[in-house]
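Visitor: Have a look at this one before I ask anything.
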Amino acid sequence: MKKIITFFLLVAAVKLSYAQPPAGPATPGNIYGDTVNADGTTPLAELTSQLSKKDTIAAKITGKVLASCPKKGCWMDIELADKSKMFVKFKDYAFFVPTDIIGKTIVLEGIAFNKVTSVAELQHYAKDAKKSKAEIDAIKEPQKQVRFLADGVLVVK
């Protein structure tokens, strides 16, 4: 019995380590992660204002995807009201989004927070985004970022 349980745990671990983006394009109505609807979203300008007073807030927002991990859809950049970017990851690394989600309008539900991101982490994401070696090597300072940990994503348009 122990061998069977160990085998299934090993299979699950291997499957998770090779997680891939969802099959098919990101089309309006698709939901990734927990169920999300478009009702009751917080305007992006209000989100930014709230984060200037608190470090972390629960929120539901609508935004446009500027960039996404081209390898497996494990992160996104969303455009904020002031045209800056908010970095989005997915809760517990439990789901990804299609790699063609760039340019789509989406609804995110989860937690927004401020974070100082290390040089190593910034370089990692630059490498994921297939930036040039010169661009990656130019990252020399940690950066304060608005981040979002999404429970679910709804493609709106």
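Letters A, B, ... go to the chains of the structure tokens in the order shown; residues in each chain start at 1; ligands are counted from 1 in the same order.
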Mind checking which residues fall within 12 Å of Glu135 in chain A, counting only C-alpha atoms, ignoring those fewer than 5 positions away in the same chain, and posting them as an NGL selection string?

Guide: :A and (122-127 or 129-130 or 140)

Visitor: Measuring between only C-alpha atoms, which one of A:Leu149, A:Thr27, A:Glu109, A:Ile61 shows the shortest distance to Met76 in chain A?

Guide: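 Among A:Leu149, A:Thr27, A:Glu109, A:Ile61, it is A:Leu149 that comes nearest to Met76 in chain A.
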
Visitor: Would you mind reading off the distance between CA of Val153 in chain A and CA of Thr62 in chain A, one decimal, in Å?

Guide: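 It comes out at 9.7 Å.
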
Visitor: Could you please write out, as a PyMOL selection string, every residue of range 18-65 of chain A that DSSP assigns to helix (DSSP H, G or I)?

Guide: chain A and resi 44-53

Visitor: So which residues touch Val97 in chain A within 9 Å, counting only C-alpha atoms, skipping near sequence neighbours fewer than 4 positions away, as a PyMOL selection string?

Guide: chain A and resi 21-22+26+32-33+68+72-76+101+153
